[in-house]
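Structure data follow from input33.cif (mmCIF, C-alpha atoms):
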```cif
data_coords
loop_
_atom_site.label_atom_id
_atom_site.label_comp_id
_atom_site.auth_asym_id
_atom_site.auth_seq_id
_atom_site.Cartn_x
_atom_site.Cartn_y
_atom_site.Cartn_z
CA MET R 1417 -17.82 -18.25 6.30
CA LYS R 1418 -16.64 -17.85 9.86
CA THR R 1419 -14.21 -15.30 11.29
CA SER R 1420 -11.39 -17.85 11.46
CA ASN R 1421 -11.93 -18.81 7.81
CA VAL R 1422 -11.56 -15.19 6.69
CA ILE R 1423 -8.36 -14.86 8.73
CA SER R 1424 -7.06 -18.09 7.16
CA LEU R 1425 -7.77 -16.78 3.66
CA ILE R 1426 -5.91 -13.53 4.35
CA GLU R 1427 -3.02 -15.56 5.73
CA THR R 1428 -3.00 -17.58 2.51
CA LEU R 1429 -2.80 -14.42 0.39
CA ALA R 1430 -0.36 -12.58 2.68
CA PRO R 1431 1.18 -14.96 5.25
CA SER R 1432 2.23 -13.07 8.38
CA GLY R 1433 5.23 -15.42 8.64
CA PHE R 1434 6.84 -13.45 5.81
CA ALA R 1435 6.32 -10.07 7.51
CA ALA R 1436 9.33 -8.02 8.58
CA SER R 1437 10.60 -8.82 12.07
CA TRP R 1438 9.67 -5.34 13.33
CA ASP R 1439 6.14 -5.44 11.95
CA ASN R 1440 2.78 -6.28 13.52
CA CYS R 1441 0.65 -8.16 10.97
CA GLY R 1442 -2.42 -10.29 11.52
CA VAL R 1443 -5.15 -9.78 14.11
CA GLN R 1444 -4.99 -6.35 15.71
CA VAL R 1445 -8.19 -6.55 17.74
CA ALA R 1446 -9.80 -9.97 18.15
CA GLY R 1447 -13.50 -10.44 17.57
CA PRO R 1448 -15.68 -13.46 18.32
CA GLU R 1449 -16.07 -16.42 15.99
CA LYS R 1450 -19.18 -15.63 13.96
CA GLU R 1451 -20.63 -15.72 10.48
CA ILE R 1452 -19.03 -13.02 8.32
CA ARG R 1453 -21.27 -11.26 5.82
CA LYS R 1454 -19.46 -7.99 5.16
CA VAL R 1455 -15.71 -7.36 4.97
CA ALA R 1456 -14.37 -3.80 4.89
CA VAL R 1457 -10.93 -3.10 3.38
CA ALA R 1458 -8.94 0.12 3.79
CA LEU R 1459 -5.40 1.48 3.84
CA ASP R 1460 -5.43 2.87 7.39
CA PRO R 1461 -7.43 1.99 10.52
CA LEU R 1462 -8.40 5.60 11.17
CA PRO R 1463 -11.46 6.56 13.27
CA GLN R 1464 -13.56 7.87 10.37
CA VAL R 1465 -12.71 4.91 8.13
CA VAL R 1466 -13.63 2.45 10.88
CA SER R 1467 -16.80 4.40 11.67
CA ASP R 1468 -17.88 4.32 8.02
CA ALA R 1469 -17.12 0.60 7.80
CA LEU R 1470 -19.16 -0.18 10.91
CA GLU R 1471 -22.04 2.00 9.73
CA TRP R 1472 -22.05 -0.07 6.52
CA GLY R 1473 -22.37 -3.15 8.71
CA ALA R 1474 -18.87 -4.63 8.48
CA ASP R 1475 -18.32 -7.82 10.49
CA PHE R 1476 -14.60 -7.82 9.69
CA ILE R 1477 -12.14 -5.02 8.88
CA LEU R 1478 -8.85 -5.48 7.03
CA THR R 1479 -6.32 -2.67 6.68
CA HIS R 1480 -2.82 -2.47 5.28
CA HIS R 1481 -1.28 -0.47 8.09
CA PRO R 1482 -1.48 -1.94 11.59
CA LEU R 1483 -3.34 -0.25 14.40
CA ALA R 1484 0.05 -0.09 16.12
CA ILE R 1485 3.46 -1.53 15.31
CA ASP R 1486 4.05 -2.30 18.98
CA GLN R 1487 1.16 -3.88 20.85
CA LYS R 1488 0.07 -1.51 23.59
CA LEU R 1489 -2.85 -0.39 25.73
CA PRO R 1490 -4.67 2.90 25.06
CA ALA R 1491 -2.92 4.90 27.77
CA GLU R 1492 -4.17 8.26 26.50
CA LEU R 1493 -7.04 9.78 24.59
CA GLY R 1494 -6.61 9.89 20.83
CA TRP R 1495 -7.33 8.13 17.56
CA PHE R 1496 -5.78 4.83 18.72
CA ARG R 1497 -8.20 4.62 21.66
CA ASP R 1498 -11.10 5.77 19.47
CA VAL R 1499 -10.52 2.98 16.95
CA MET R 1500 -10.05 0.32 19.62
CA LYS R 1501 -13.25 1.43 21.35
CA GLN R 1502 -15.25 1.33 18.12
CA VAL R 1503 -14.00 -2.12 17.17
CA LEU R 1504 -14.47 -3.64 20.63
CA CYS R 1505 -17.94 -2.18 21.08
CA ALA R 1506 -18.98 -3.50 17.67
CA ASP R 1507 -17.53 -6.94 18.44
CA VAL R 1508 -15.76 -7.18 15.07
CA THR R 1509 -12.27 -8.34 14.12
CA LEU R 1510 -9.63 -5.89 12.92
CA CYS R 1511 -6.73 -7.36 10.92
CA ALA R 1512 -3.72 -5.91 9.13
CA ALA R 1513 -1.72 -7.21 6.17
CA HIS R 1514 1.28 -4.88 6.07
CA THR R 1515 4.74 -6.13 5.09
CA SER R 1516 3.19 -9.58 4.77
CA LEU R 1517 1.44 -8.14 1.70
CA ASP R 1518 4.32 -5.89 0.64
CA VAL R 1519 6.54 -8.90 -0.15
CA GLN R 1520 3.93 -10.61 -2.35
CA PHE R 1521 5.55 -9.53 -5.60
CA ARG R 1522 3.08 -11.39 -7.84
CA GLY R 1523 0.14 -9.70 -6.14
CA VAL R 1524 -1.31 -6.21 -6.11
CA VAL R 1525 1.82 -4.66 -4.60
CA SER R 1526 3.28 -4.45 -8.13
CA TRP R 1527 0.18 -2.84 -9.61
CA LEU R 1528 1.99 0.25 -10.93
CA GLY R 1529 4.60 -1.85 -12.73
CA ARG R 1530 1.82 -3.66 -14.55
CA GLU R 1531 -0.05 -0.41 -15.19
CA LEU R 1532 3.09 0.98 -16.84
CA GLU R 1533 3.32 -2.28 -18.84
CA LEU R 1534 6.84 -3.12 -17.71
CA SER R 1535 8.26 -6.32 -19.15
CA GLU R 1536 10.63 -8.78 -17.45
CA LEU R 1537 9.19 -7.61 -14.13
CA LYS R 1538 11.04 -9.05 -11.13
CA VAL R 1539 11.56 -8.46 -7.41
CA LEU R 1540 13.83 -5.53 -6.60
CA ASP R 1541 14.93 -6.80 -3.16
CA PRO R 1542 14.35 -10.57 -2.69
CA VAL R 1543 13.97 -11.68 0.93
CA ALA R 1544 12.51 -15.21 0.88
CA LYS R 1545 10.81 -17.96 -1.10
CA ASP R 1546 7.35 -19.31 -0.38
CA ASP R 1547 6.41 -23.00 -0.27
CA SER R 1548 5.97 -23.09 -4.05
CA GLY R 1549 9.42 -21.60 -4.66
CA GLU R 1550 8.07 -18.17 -5.60
CA ILE R 1551 10.53 -15.36 -4.81
CA LEU R 1552 9.18 -12.84 -2.32
CA GLY R 1553 10.55 -9.39 -1.65
CA TYR R 1554 10.15 -5.65 -1.73
CA GLY R 1555 9.61 -3.53 -4.81
CA CYS R 1556 9.91 -4.46 -8.46
CA ILE R 1557 11.98 -3.57 -11.51
CA GLY R 1558 11.31 -3.98 -15.21
CA ASP R 1559 11.61 -2.41 -18.65
CA LEU R 1560 9.38 -0.28 -20.83
CA GLU R 1561 8.79 -1.66 -24.31
CA SER R 1562 10.63 1.36 -25.70
CA ALA R 1563 12.45 4.26 -24.09
CA LEU R 1564 10.43 7.38 -23.31
CA PRO R 1565 11.61 10.98 -22.92
CA PHE R 1566 11.83 11.69 -19.19
CA GLU R 1567 9.07 14.32 -19.20
CA ASP R 1568 6.71 11.97 -21.04
CA PHE R 1569 7.43 9.23 -18.52
CA VAL R 1570 6.73 11.50 -15.55
CA GLU R 1571 3.41 12.46 -17.16
CA ARG R 1572 2.56 8.79 -17.59
CA VAL R 1573 3.33 8.10 -13.91
CA ALA R 1574 1.26 11.09 -12.83
CA GLN R 1575 -1.72 9.85 -14.80
CA ALA R 1576 -1.39 6.29 -13.49
CA THR R 1577 -1.14 7.38 -9.85
CA GLY R 1578 -3.55 10.32 -10.00
CA CYS R 1579 -0.83 12.68 -8.77
CA GLU R 1580 -0.90 16.28 -9.92
CA VAL R 1581 2.29 16.97 -7.97
CA VAL R 1582 5.28 14.65 -8.34
CA ALA R 1583 8.57 15.43 -6.57
CA LEU R 1584 11.84 14.71 -8.38
CA CYS R 1585 15.22 14.30 -6.76
CA GLY R 1586 18.50 13.24 -8.27
CA PRO R 1587 19.69 13.77 -11.85
CA ALA R 1588 16.99 13.35 -14.47
CA PRO R 1589 17.89 11.12 -17.45
CA GLU R 1590 17.08 12.16 -21.00
CA LYS R 1591 15.17 8.93 -21.59
CA VAL R 1592 13.64 6.23 -19.40
CA ARG R 1593 13.68 2.53 -20.22
CA ARG R 1594 14.38 0.62 -16.98
CA VAL R 1595 12.05 1.43 -14.09
CA ALA R 1596 12.11 0.38 -10.43
CA MET R 1597 9.55 1.12 -7.75
CA CYS R 1598 8.56 0.37 -4.19
CA PRO R 1599 5.26 1.49 -2.62
CA GLY R 1600 5.18 3.19 0.76
CA SER R 1601 8.42 4.54 2.21
CA GLY R 1602 10.88 2.88 -0.13
CA SER R 1603 13.81 5.28 -0.23
CA SER R 1604 16.07 2.68 1.43
CA PHE R 1605 15.89 0.72 -1.84
CA MET R 1606 17.16 3.55 -4.03
CA SER R 1607 20.73 2.24 -4.22
CA LYS R 1608 19.51 -1.27 -5.09
CA ALA R 1609 17.39 0.15 -7.90
CA PHE R 1610 20.22 2.09 -9.52
CA ALA R 1611 22.69 -0.75 -8.99
CA GLN R 1612 20.35 -2.86 -11.14
CA GLY R 1613 20.34 -0.30 -13.92
CA ALA R 1614 17.14 1.62 -13.19
CA ASP R 1615 16.82 4.95 -14.98
CA VAL R 1616 14.09 6.00 -12.53
CA PHE R 1617 12.99 4.84 -9.09
CA ILE R 1618 9.39 5.52 -7.97
CA THR R 1619 8.40 5.53 -4.30
CA GLY R 1620 7.03 7.73 -1.51
CA ASP R 1621 8.28 9.63 1.54
CA VAL R 1622 11.80 10.42 0.34
CA LYS R 1623 13.65 12.36 3.03
CA TYR R 1624 15.94 15.34 2.54
CA HIS R 1625 19.39 13.74 2.89
CA PRO R 1626 18.65 10.61 0.81
CA ALA R 1627 17.29 12.98 -1.84
CA GLN R 1628 20.54 14.95 -1.79
CA GLU R 1629 22.61 11.81 -2.10
CA SER R 1630 20.63 10.08 -4.85
CA VAL R 1631 22.74 9.05 -7.83
CA GLY R 1632 19.70 8.64 -10.08
CA ALA R 1633 16.24 10.08 -10.71
CA VAL R 1634 13.71 9.38 -7.95
CA LEU R 1635 10.02 10.21 -8.31
CA ASP R 1636 8.29 10.69 -4.97
CA VAL R 1637 4.57 10.23 -5.68
CA GLY R 1638 3.66 9.91 -2.02
CA HIS R 1639 2.94 7.03 0.32
CA PHE R 1640 -0.81 7.40 -0.06
CA SER R 1641 -1.21 7.25 -3.84
CA LEU R 1642 0.65 3.95 -4.24
CA GLU R 1643 -0.80 2.06 -1.29
CA GLU R 1644 -4.37 3.34 -1.42
CA GLU R 1645 -4.71 1.93 -4.94
CA MET R 1646 -2.90 -1.24 -3.89
CA MET R 1647 -5.48 -1.92 -1.18
CA ARG R 1648 -8.39 -1.05 -3.47
CA ARG R 1649 -7.15 -3.75 -5.82
CA PHE R 1650 -6.58 -6.15 -2.95
CA SER R 1651 -10.23 -5.72 -1.95
CA VAL R 1652 -11.20 -6.95 -5.43
CA VAL R 1653 -8.93 -10.00 -5.08
CA LEU R 1654 -10.34 -10.75 -1.64
CA GLY R 1655 -13.90 -10.47 -2.96
CA GLN R 1656 -13.11 -13.01 -5.66
CA LYS R 1657 -11.64 -15.46 -3.13
CA LEU R 1658 -14.38 -15.26 -0.48
CA GLU R 1659 -17.55 -17.34 -0.63
CA ASN R 1660 -20.57 -16.12 -2.55
CA GLY R 1661 -22.82 -14.00 -0.37
CA ILE R 1662 -19.97 -12.19 1.40
CA GLU R 1663 -19.71 -8.54 0.45
CA VAL R 1664 -16.33 -6.81 0.27
CA LYS R 1665 -16.16 -3.03 0.15
CA PHE R 1666 -13.17 -0.73 -0.10
CA PHE R 1667 -13.27 2.40 2.05
CA ASN R 1668 -11.35 5.38 0.77
CA GLY R 1669 -8.75 6.79 3.10
CA HIS R 1670 -7.43 10.27 3.67
CA ASN R 1671 -4.16 11.66 2.35
CA PRO R 1672 -2.71 13.58 5.32
CA PHE R 1673 -0.88 16.00 3.03
CA ALA R 1674 -2.30 19.11 1.39
CA TYR R 1675 -0.32 21.53 -0.79
CA HIS R 1676 -0.39 25.26 -1.31
CA LEU R 1677 -0.19 26.14 -4.99
CA LEU R 1678 0.77 29.69 -5.82
CA GLY R 1679 -2.38 31.56 -6.77
CA LYS R 1680 -4.63 28.59 -6.04
CA GLY R 1681 -4.45 28.27 -2.28
CA VAL R 1682 -4.39 24.99 -0.39
CA CYS R 1683 -5.44 22.08 -2.58
CA LYS R 1684 -5.93 18.41 -1.89
CA SER R 1685 -7.87 15.44 -3.22
CA SER R 1686 -8.55 11.83 -2.30
CA ALA R 1687 -6.12 10.52 -4.93
CA GLY R 1688 -2.43 11.15 -5.20
CA LEU R 1689 -0.49 13.98 -3.65
CA LEU R 1690 -2.99 16.67 -4.54
#
```
Would you mind writing the file's structure down as structure tokens?
Amino acid sequence: MKTSNVISLIETLAPSGFAASWDNCGVQVAGPEKEIRKVAVALDPLPQVVSDALEWGADFILTHHPLAIDQKLPAELGWFRDVMKQVLCADVTLCAAHTSLDVQFRGVVSWLGRELELSELKVLDPVAKDDSGEILGYGCIGDLESALPFEDFVERVAQATGCEVVALCGPAPEKVRRVAMCPGSGSSFMSKAFAQGADVFITGDVKYHPAQESVGAVLDVGHFSLEEEMMRRFSVVLGQKLENGIEVKFFNGHNPFAYHLLGKGVCKSSAGLL
């Protein structure tokens, strides 16, 4: 399978035409048309991730987050220049499927909703329809089979995401039945979630003032824990879609946050917030 065929397949799974207007999806650094044998998948195009992928022998690298939202030249030393140099010197293609993947409700973006076994799962914020009439949009909302005490639900979310630290803002309900979520930085969808009857909204990167103003319970499990697992699952889907003989490997990323626990010092892990 050639470079252009791999790009076409990614576009089929996450068409860049459905990306947000501010986003930069698709080819980040162009590589030559060649036979692709190894495809690396990761959350972020960070120097160490790219280095590990190239050492493995990747001909093609796909990440969720773009190398840059705005196309630019490497005007200063730093990780952006390091990644661009590595990719150009290796003559490989670097692609990103960011909001183009985020709106694919039926895909891996809703993995946590399925992990929690939510029924009647639907798009939280519809934005478009694809050629087959499928509704596309951000986040999802659905119902547990039976209501759970709030503490039991938080424990279930922590186990599913691998988070040992989960931040709560807003008033906690006694029981949870209707659940909404949005991976990444989804705090802008909080009001939509509660307007649709959600008892809890799960996302990452909730800021101080939105947390103060929340009218319902919000669980901040971190940007990393939701999207790292999403891309791991996407690598499996991609491997199933590519021709036999093409290897797909997921490369673990790095959670930029570490936490100091009283009496335990600074703790971090590759999964979740801690």
Task: Expected selection from the PyMOL selection byres ((chain R and resi 1526-1535) around 10), given as a PyMOL selection string - done: chain R and resi 1518-1525+1536-1539+1554-1562+1569+1572-1573+1576-1577+1593-1599+1618+1642-1643+1645-1646+1649
Open item on the list: Just the number, please: distance in Å from atom CA of Ala1446 of chain R to atom CA of Thr1509 of chain R, one decimal.
Closed with: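 If I compute the distance from atom CA of Ala1446 of chain R to atom CA of Thr1509 of chain R, I get 5.0 Å.
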Task: Minimum-distance residue to Pro1448 of chain R, chosen among R:Phe1605, R:Phe1434, R:Tyr1675, R:Phe1476 (using all atoms listed in the file) - done: R:Phe1476
Task: Exercise: Met1500 of chain R partners within 12 Å, all atoms listed in the file, chain neighbours under 5 positions left out, as a list in words - done: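 After dropping sequence-adjacent residues, the list is Gln1444, Val1445, Ala1446, Gly1447, Pro1461, Leu1462, Pro1463, Val1466, Ser1467, Pro1482, Leu1483, Ala1484, Lys1488, Leu1489, Pro1490, Ala1491, Leu1493, Gly1494, Trp1495, Cys1505, Ala1506, Asp1507, Val1508, Thr1509 and Leu1510 of chain R.
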TODO: Find the residues near Glu1659 of chain R: any atom within 12 Å, counting only C-alpha atoms, skip ones fewer than 3 places away on the same chain, and give them as a list of chain:residue names.
DONE: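 The residues that qualify are R:Met1417, R:Lys1418, R:Asn1421, R:Val1422, R:Leu1425, R:Glu1451, R:Ile1452, R:Arg1453, R:Lys1454, R:Val1455, R:Leu1654, R:Gly1655, R:Gln1656, R:Ile1662, R:Glu1663, R:Val1664.
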Open item on the list: Expand the PyMOL selection byres ((chain R and resi 1622) around 12) into the explicit residue set it covers here, and present it as a PyMOL selection string.
Closed with: chain R and resi 1582-1586+1598-1606+1617-1621+1623-1630+1633-1639
TODO: Rank nothing, just name the residue among R:Gln1502, R:Arg1648, R:His1514, R:Val1581 nearest to Ala1469 of chain R, using all atoms listed in the file.
DONE: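 Answer, going by the shortest atom-to-atom distance: R:Gln1502.
Pairwise distance (atom CA of Leu1459 of chain R, atom CA of Ala1674 of chain R) equals 18.1 Å.
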TODO: Give me, please, the distance in Å between atom CA of Gly1473 of chain R and atom CA of Glu1492 of chain R, quoted to one decimal.
DONE: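 These atoms are spaced 27.9 Å apart.
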